[in-house]
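Source file: input05.cif. Holds: mmCIF, C-alpha atoms.
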```
data_target
loop_
_atom_site.label_atom_id
_atom_site.label_comp_id
_atom_site.auth_asym_id
_atom_site.auth_seq_id
_atom_site.Cartn_x
_atom_site.Cartn_y
_atom_site.Cartn_z
CA MET A 27 98.10 141.56 84.62
CA ALA A 28 97.73 140.53 88.25
CA THR A 29 100.67 139.04 90.13
CA VAL A 30 100.56 135.90 92.21
CA ALA A 31 100.55 136.59 95.97
CA PRO A 32 103.18 134.87 98.12
CA ASP A 33 102.03 131.39 99.07
CA SER A 34 102.31 130.59 102.79
CA GLY A 35 101.81 126.90 102.03
CA GLN A 36 104.95 126.84 99.90
CA GLY A 37 107.01 128.42 102.67
CA LEU A 38 105.80 125.83 105.15
CA ALA A 39 106.54 123.07 102.66
CA LEU A 40 110.16 124.20 102.22
CA ILE A 41 110.72 124.14 105.98
CA ALA A 42 109.03 120.72 106.21
CA LEU A 43 111.24 119.30 103.47
CA LEU A 44 114.46 120.55 105.07
CA SER A 45 113.30 119.12 108.40
CA GLY A 46 112.73 115.75 106.74
CA VAL A 47 116.22 115.71 105.23
CA VAL A 48 117.81 116.62 108.57
CA SER A 49 115.87 113.83 110.25
CA GLY A 50 117.09 111.35 107.64
CA VAL A 51 120.71 112.51 107.92
CA THR A 52 120.76 112.13 111.70
CA LEU A 53 119.04 108.74 111.53
CA LYS A 54 121.63 107.51 109.01
CA ALA A 55 124.46 108.80 111.22
CA ILE A 56 123.43 106.58 114.15
CA GLY A 57 126.02 103.89 114.96
CA GLN A 58 125.49 100.13 115.16
CA MET A 59 121.91 100.28 116.39
CA PRO A 60 119.49 98.03 114.42
CA PRO A 61 117.37 100.10 111.99
CA GLY A 62 114.10 98.94 113.54
CA GLU A 63 115.25 100.06 116.99
CA ALA A 64 116.43 103.47 115.75
CA ILE A 65 113.15 104.09 113.92
CA ALA A 66 111.07 102.91 116.88
CA LEU A 67 112.94 105.15 119.34
CA ARG A 68 112.66 108.14 117.02
CA SER A 69 108.93 107.51 116.65
CA ALA A 70 108.49 107.18 120.42
CA LEU A 71 110.20 110.49 121.10
CA ALA A 72 108.29 112.20 118.30
CA PHE A 73 105.08 110.80 119.82
CA VAL A 74 105.94 112.42 123.16
CA ILE A 75 106.59 115.79 121.46
CA ILE A 76 103.32 115.80 119.53
CA ALA A 77 101.34 114.50 122.51
CA GLY A 78 102.76 117.42 124.51
CA ILE A 79 101.64 119.86 121.82
CA ILE A 80 98.14 118.39 121.90
CA ALA A 81 98.02 118.60 125.69
CA VAL A 82 98.80 122.34 125.83
CA ARG A 83 96.56 123.44 122.96
CA PRO A 84 93.46 125.55 123.58
CA SER A 85 90.38 123.53 124.53
CA GLY A 86 88.59 124.65 121.38
CA ALA A 87 91.15 123.08 119.03
CA ALA A 88 89.94 120.58 116.44
CA ARG A 89 89.77 116.96 117.62
CA LEU A 90 88.32 115.17 114.61
CA ILE A 91 90.29 112.45 112.84
CA GLY A 92 87.60 110.61 110.89
CA PRO A 93 87.96 107.89 108.23
CA ARG A 94 89.99 110.06 105.86
CA GLY A 95 92.28 111.08 108.68
CA MET A 96 92.86 107.43 109.57
CA MET A 97 93.55 106.66 105.92
CA ARG A 98 96.02 109.52 105.81
CA ALA A 99 97.72 108.24 108.97
CA GLY A 100 98.00 104.72 107.55
CA LEU A 101 99.52 105.89 104.27
CA ASP A 102 101.88 108.18 106.11
CA ALA A 103 102.99 105.34 108.39
CA LEU A 104 103.68 103.04 105.43
CA ALA A 105 105.58 105.78 103.61
CA ALA A 106 107.58 106.85 106.66
CA LEU A 107 108.59 103.31 107.61
CA THR A 108 109.72 102.28 104.12
CA PHE A 109 111.50 105.62 103.64
CA SER A 110 113.31 105.27 106.97
CA LEU A 111 114.40 101.71 106.17
CA ALA A 112 115.66 102.83 102.75
CA ILE A 113 117.88 105.42 104.47
CA PHE A 114 120.03 102.58 105.81
CA GLU A 115 120.28 100.88 102.38
CA ILE A 116 121.10 103.56 99.78
CA PRO A 117 122.71 107.03 99.69
CA LEU A 118 120.38 109.76 100.87
CA SER A 119 120.73 111.69 97.62
CA LEU A 120 119.54 108.72 95.53
CA LEU A 121 116.63 108.21 97.91
CA ALA A 122 115.73 111.90 97.74
CA SER A 123 116.01 111.81 93.94
CA ILE A 124 113.49 108.99 93.70
CA HIS A 125 111.21 110.90 96.08
CA ALA A 126 111.56 114.00 93.94
CA THR A 127 109.27 112.29 91.44
CA LEU A 128 106.43 113.03 93.89
CA PRO A 129 105.57 116.24 91.99
CA VAL A 130 104.64 114.06 89.02
CA LEU A 131 102.86 111.33 90.95
CA SER A 132 100.97 113.73 93.24
CA VAL A 133 99.81 116.01 90.45
CA ILE A 134 98.80 113.16 88.15
CA LEU A 135 96.94 111.41 90.98
CA SER A 136 95.24 114.65 91.99
CA GLY A 137 94.11 115.09 88.40
CA LEU A 138 92.73 111.56 88.23
CA MET A 139 91.25 111.39 91.74
CA LEU A 140 90.46 115.01 92.64
CA ARG A 141 89.81 116.22 89.10
CA GLU A 142 92.36 119.00 89.39
CA ARG A 143 93.27 120.27 85.94
CA LEU A 144 96.21 118.60 84.19
CA ARG A 145 98.12 120.72 81.68
CA PRO A 146 100.66 119.93 78.91
CA GLY A 147 103.51 120.97 81.21
CA ASN A 148 102.47 118.28 83.68
CA TRP A 149 102.80 115.55 81.04
CA ILE A 150 106.18 116.86 79.85
CA ALA A 151 107.35 116.81 83.46
CA LEU A 152 106.11 113.22 83.72
CA ALA A 153 108.36 112.21 80.81
CA LEU A 154 111.37 114.04 82.28
CA ALA A 155 110.90 112.60 85.75
CA GLY A 156 110.35 109.08 84.40
CA GLY A 157 113.54 109.19 82.35
CA GLY A 158 115.47 110.71 85.21
CA THR A 159 114.28 108.05 87.64
CA LEU A 160 115.46 105.26 85.34
CA MET A 161 118.91 106.85 85.21
CA VAL A 162 119.02 107.23 89.00
CA LEU A 163 117.99 103.61 89.54
CA GLN A 164 120.96 102.31 87.53
CA PRO A 165 123.65 103.13 90.13
CA GLY A 166 121.16 102.70 92.96
CA LEU A 167 120.85 98.99 92.26
CA GLU A 168 124.59 98.63 92.90
CA PHE A 169 123.94 99.61 96.51
CA SER A 170 120.79 97.66 97.35
CA PRO A 171 117.83 96.49 95.24
CA THR A 172 115.92 96.24 98.53
CA GLY A 173 116.64 99.89 99.25
CA ILE A 174 115.41 100.89 95.80
CA ALA A 175 112.20 98.88 96.29
CA LEU A 176 111.61 100.52 99.67
CA ALA A 177 112.18 103.96 98.14
CA LEU A 178 109.66 103.28 95.35
CA VAL A 179 107.01 101.99 97.78
CA SER A 180 107.43 105.00 100.06
CA THR A 181 107.21 107.40 97.10
CA LEU A 182 103.93 105.93 95.93
CA ALA A 183 102.53 105.89 99.48
CA TYR A 184 103.47 109.53 99.99
CA ALA A 185 101.78 110.49 96.72
CA PHE A 186 98.50 108.88 97.79
CA ARG A 187 98.90 110.46 101.24
CA ASP A 188 99.15 113.94 99.70
CA VAL A 189 95.99 113.39 97.69
CA VAL A 190 94.11 112.25 100.80
CA THR A 191 95.44 115.26 102.73
CA ARG A 192 93.85 117.62 100.21
CA ARG A 193 90.45 116.10 101.03
CA LEU A 194 90.64 116.32 104.82
CA PRO A 195 87.72 118.27 106.33
CA PRO A 196 88.70 121.73 107.68
CA GLN A 197 88.01 120.67 111.29
CA THR A 198 90.36 117.67 111.11
CA ASP A 199 93.01 117.57 113.84
CA THR A 200 96.30 117.26 111.96
CA PHE A 201 98.26 116.71 115.16
CA ARG A 202 96.18 113.69 116.12
CA ILE A 203 96.64 112.26 112.63
CA ALA A 204 100.41 112.60 113.03
CA LEU A 205 100.12 110.93 116.44
CA VAL A 206 98.30 107.91 115.00
CA SER A 207 100.90 107.66 112.24
CA LEU A 208 103.72 107.64 114.78
CA VAL A 209 102.07 104.86 116.79
CA LEU A 210 101.81 102.74 113.65
CA VAL A 211 105.40 103.42 112.56
CA GLY A 212 106.81 102.77 116.03
CA ALA A 213 104.87 99.54 116.49
CA LEU A 214 105.86 98.17 113.08
CA ALA A 215 109.51 99.15 113.54
CA ALA A 216 109.67 97.63 117.02
CA ALA A 217 108.23 94.37 115.71
CA MET A 218 110.91 94.02 113.01
CA PRO A 219 113.20 91.00 113.48
CA THR A 220 116.82 91.72 114.43
CA GLU A 221 119.95 89.61 114.51
CA GLY A 222 120.46 90.33 118.19
CA PRO A 223 118.98 92.22 121.15
CA TRP A 224 118.39 95.95 121.08
CA ILE A 225 121.43 98.09 121.84
CA ARG A 226 121.29 100.71 124.57
CA PRO A 227 122.08 104.02 122.82
CA ASP A 228 125.10 105.95 124.05
CA THR A 229 125.00 109.71 124.58
CA ARG A 230 125.87 110.47 120.95
CA ASP A 231 123.20 108.18 119.49
CA ALA A 232 120.61 109.39 122.01
CA GLY A 233 121.27 112.96 120.86
CA LEU A 234 120.98 111.95 117.22
CA ILE A 235 117.67 110.18 117.88
CA ALA A 236 116.34 113.28 119.64
CA PHE A 237 117.39 115.51 116.75
CA ALA A 238 115.90 113.07 114.23
CA ALA A 239 112.63 113.10 116.16
CA LEU A 240 112.46 116.91 116.08
CA GLY A 241 113.04 116.91 112.32
CA PHE A 242 110.47 114.17 111.86
CA VAL A 243 107.84 116.13 113.81
CA GLY A 244 108.57 119.28 111.84
CA ALA A 245 108.34 117.48 108.51
CA ASN A 246 105.07 115.72 109.32
CA VAL A 247 103.19 118.58 110.93
CA LEU A 248 104.31 121.31 108.53
CA ILE A 249 103.62 119.35 105.34
CA ILE A 250 100.04 118.79 106.49
CA ALA A 251 99.64 122.51 107.11
CA ALA A 252 101.20 123.31 103.73
CA LEU A 253 98.96 120.95 101.76
CA ARG A 254 95.86 122.38 103.41
CA ARG A 255 96.85 125.91 102.33
CA SER A 256 97.96 125.28 98.75
CA GLU A 257 97.18 123.10 95.76
CA ILE A 258 99.23 119.94 95.33
CA SER A 259 100.52 121.31 92.02
CA ARG A 260 102.16 124.22 93.89
CA ILE A 261 103.55 122.19 96.80
CA ALA A 262 104.72 118.98 95.15
CA PRO A 263 107.39 120.52 92.87
CA LEU A 264 109.21 121.97 95.87
CA ARG A 265 110.29 118.46 96.84
CA TYR A 266 113.23 118.79 94.47
CA THR A 267 114.91 120.95 97.14
CA SER A 268 115.34 117.76 99.19
CA VAL A 269 117.62 116.45 96.44
CA LEU A 270 119.90 119.47 96.66
CA TRP A 271 120.16 119.25 100.45
CA SER A 272 120.74 115.49 100.31
CA LEU A 273 123.48 115.83 97.71
CA ALA A 274 125.27 118.31 99.96
CA PHE A 275 124.97 116.12 103.07
CA ASP A 276 126.01 112.94 101.20
CA ALA A 277 129.14 114.64 99.85
CA ALA A 278 130.07 116.36 103.11
CA LEU A 279 129.40 113.50 105.55
CA TRP A 280 129.86 110.29 103.56
CA GLY A 281 131.90 111.36 100.55
CA TYR A 282 129.32 110.06 98.09
CA VAL A 283 128.99 111.90 94.77
CA PRO A 284 126.66 110.46 92.09
CA ASP A 285 128.26 109.24 88.88
CA PHE A 286 127.56 110.97 85.56
CA VAL A 287 124.47 108.90 84.69
CA ALA A 288 122.89 109.42 88.09
CA ALA A 289 123.76 113.14 88.02
CA VAL A 290 122.00 113.56 84.67
CA GLY A 291 119.00 111.67 86.04
CA ILE A 292 118.88 113.91 89.10
CA ALA A 293 119.07 116.98 86.86
CA LEU A 294 116.12 115.69 84.80
CA ILE A 295 114.05 115.08 87.94
CA VAL A 296 114.86 118.53 89.32
CA GLY A 297 114.01 120.02 85.93
CA ALA A 298 110.67 118.22 86.00
CA GLY A 299 109.93 119.75 89.40
CA ILE A 300 110.84 123.24 88.22
CA LEU A 301 108.69 122.80 85.11
CA GLN A 302 105.68 121.77 87.16
CA LEU A 303 106.16 124.70 89.52
CA HIS A 304 106.36 127.06 86.54
CA THR A 305 103.28 125.48 84.98
CA ALA A 306 101.27 125.91 88.18
CA SER A 307 102.42 129.52 88.67
CA GLU A 308 101.79 130.49 85.06
CA HIS A 309 98.23 129.25 85.07
CA LYS A 310 97.62 130.77 88.50
CA ARG A 311 98.59 134.17 87.08
CA LYS A 312 96.30 133.67 84.10
CA ASP A 313 93.41 132.74 86.36
CA MET A 314 93.94 135.92 88.43
CA SER A 315 94.42 138.29 85.47
#
```

Translate the structure of the given file into structure tokens.
Amino acid sequence: MATVAPDSGQGLALIALLSGVVSGVTLKAIGQMPPGEAIALRSALAFVIIAGIIAVRPSGAARLIGPRGMMRAGLDALAALTFSLAIFEIPLSLLASIHATLPVLSVILSGLMLRERLRPGNWIALALAGGGTLMVLQPGLEFSPTGIALALVSTLAYAFRDVVTRRLPPQTDTFRIALVSLVLVGALAAAMPTEGPWIRPDTRDAGLIAFAALGFVGANVLIIAALRRSEISRIAPLRYTSVLWSLAFDAALWGYVPDFVAAVGIALIVGAGILQLHTASEHKRKDMS
């Protein structure tokens, strides 16, 4: 029986997911700055970083965005903005747990929209993730119903984004797509109403914004590269690692530990991700044998 070769897309996805968690942690650690201002400044700095990458690339690099690229940028902007706003409303581990249902949503949507094969393990994972999400939502509502709503919107937007990413033409410029997304996120965040004027960031907050921008760039660029190298069914389940990182950061930095009901829900969601990863790997081995 043939073995499955290491998947470079999965490695890139793991780095992207850790980068996203680090970006969220640093954004949440910013002081009294209004959320819209913090998100806008992070987006502006990330824009500068990606624009610099584009400027120094070889002249023969891809430059196409196209309609699907614009659609991907729009979905990514919606998802990133709602996710970033949710960071300020609910614990990062609860937010990451809700987002860990992306393996289910992405795989189911890819089956319905891209006609990728759905297997019994996918439907079992759907039931596990659905039950786990309901258990996670119970304590989450004690923090902020608005935060929960933002988390759910961003999760759905990310799932559609991943499906669109799988259909990008090979010559599509992923960096330019990320650039468009950042412009949209920054503009929307800057336009958000605030109770007072923007606050000039001190040295600490400026450093946190810079670090958040670096993590944001890494998460956005690397997840595009990962999804273009691997099937959604192999990438999406890895999102459960964000839950583990977020749990550790929440406990270490803010002293938040989920209650028993939420912990069981998180375990069910993580189990759903592992099941989908196993299902994808098992059928990959069968296809290669």

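The neighbours of Met161 in chain A here are the residues that come within 10 Å of it, using only C-alpha atoms and leaving out any residue fewer than 6 positions away in the same chain; they are Ala155, Phe286, Val287, Ala288, Ala289, Val290, Gly291, Ile292, Leu294 and Ile295 of chain A.
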
>> List as a list in words the protein and nucleic acid residues near Arg265 in chain A, meaning an atom at most 8 Å away when all atoms listed in the file are counted, but skip any in the same chain fewer than 4 places from it.
In response: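 Everything that qualifies: Leu40, Leu43, His125, Ala126, Leu128, Pro129, Ile261, Val269 and Gly299 of chain A.
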
Could you dump the residues just selected with C-alpha atoms as a CSV table (one decimal), in the coordinates of the input?
```csv
chain,number,residue,atom,x,y,z
A,40,LEU,CA,110.2,124.2,102.2
A,43,LEU,CA,111.2,119.3,103.5
A,125,HIS,CA,111.2,110.9,96.1
A,126,ALA,CA,111.6,114.0,93.9
A,128,LEU,CA,106.4,113.0,93.9
A,129,PRO,CA,105.6,116.2,92.0
A,261,ILE,CA,103.6,122.2,96.8
A,269,VAL,CA,117.6,116.4,96.4
A,299,GLY,CA,109.9,119.8,89.4
```

> From the list A:Ala99, A:Val82, A:Leu152, A:Leu178, which residue is nearest Ala112 in chain A when using all atoms listed in the file?
Replying inline: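 Nearest candidate to Ala112 in chain A out of A:Ala99, A:Val82, A:Leu152, A:Leu178: A:Leu178.
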
> So what do you get for CA of Ser49 in chain A versus CA of Ala245 in chain A, distance-wise?
Replying inline: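 Between CA of Ser49 in chain A and CA of Ala245 in chain A the gap is 8.5 Å.
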
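Relative to CA of Val179 in chain A, CA of Thr108 in chain A is found at 6.9 Å.
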
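Between CA of Ser119 in chain A and CA of Glu257 in chain A the interatomic distance comes to 26.2 Å.
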
>> List the spatial neighbours of Ile79 in chain A as a list of chain:residue names - criterion: any atom at most 12 Å away, only C-alpha atoms, same-chain residues fewer than 6 positions off excluded.
In response: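 Listing them by chain and then by number gives A:Ala72, A:Phe73, A:Ala87, A:Asp199, A:Thr200, A:Phe201, A:Arg202, A:Ala204, A:Leu205, A:Val243, A:Val247.
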
Carefully work through the PyMOL selection byres ((chain A and resi 238) around 7) for this structure and note down the residues it includes, as a tab-separated table (two decimals) with C-alpha atoms, in the frame of the given file.
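Generated output (out.tsv):
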```
chain	number	residue	atom	x	y	z
A	48	VAL	CA	117.81	116.62	108.57
A	49	SER	CA	115.87	113.83	110.25
A	50	GLY	CA	117.09	111.35	107.64
A	52	THR	CA	120.76	112.13	111.70
A	53	LEU	CA	119.04	108.74	111.53
A	68	ARG	CA	112.66	108.14	117.02
A	234	LEU	CA	120.98	111.95	117.22
A	235	ILE	CA	117.67	110.18	117.88
A	236	ALA	CA	116.34	113.28	119.64
A	237	PHE	CA	117.39	115.51	116.75
A	239	ALA	CA	112.63	113.10	116.16
A	240	LEU	CA	112.46	116.91	116.08
A	241	GLY	CA	113.04	116.91	112.32
A	242	PHE	CA	110.47	114.17	111.86
```

>> Using all atoms listed in the file, which protein or nucleic acid residues come within 9 Å of Ser272 in chain A? Drop anything in the same chain fewer than 6 positions from it, and give the result as an MDAnalysis selection string.
In response: chainID A and resid 47:48 51 117:123

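Taking only C-alpha atoms into account, Leu182 in chain A lies nearest to A:Thr127 out of the set A:Thr267, A:Gln36, A:Thr127, A:Ser45.
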
>> Take the PyMOL selection byres ((chain A and resi 170) around 12), run it mentally on this structure, and tell me the resulting residues as JSON, numbers by chain.
In response: {"A": [111, 112, 113, 114, 115, 116, 117, 120, 121, 163, 164, 165, 166, 167, 168, 169, 171, 172, 173, 174, 175, 176, 177]}
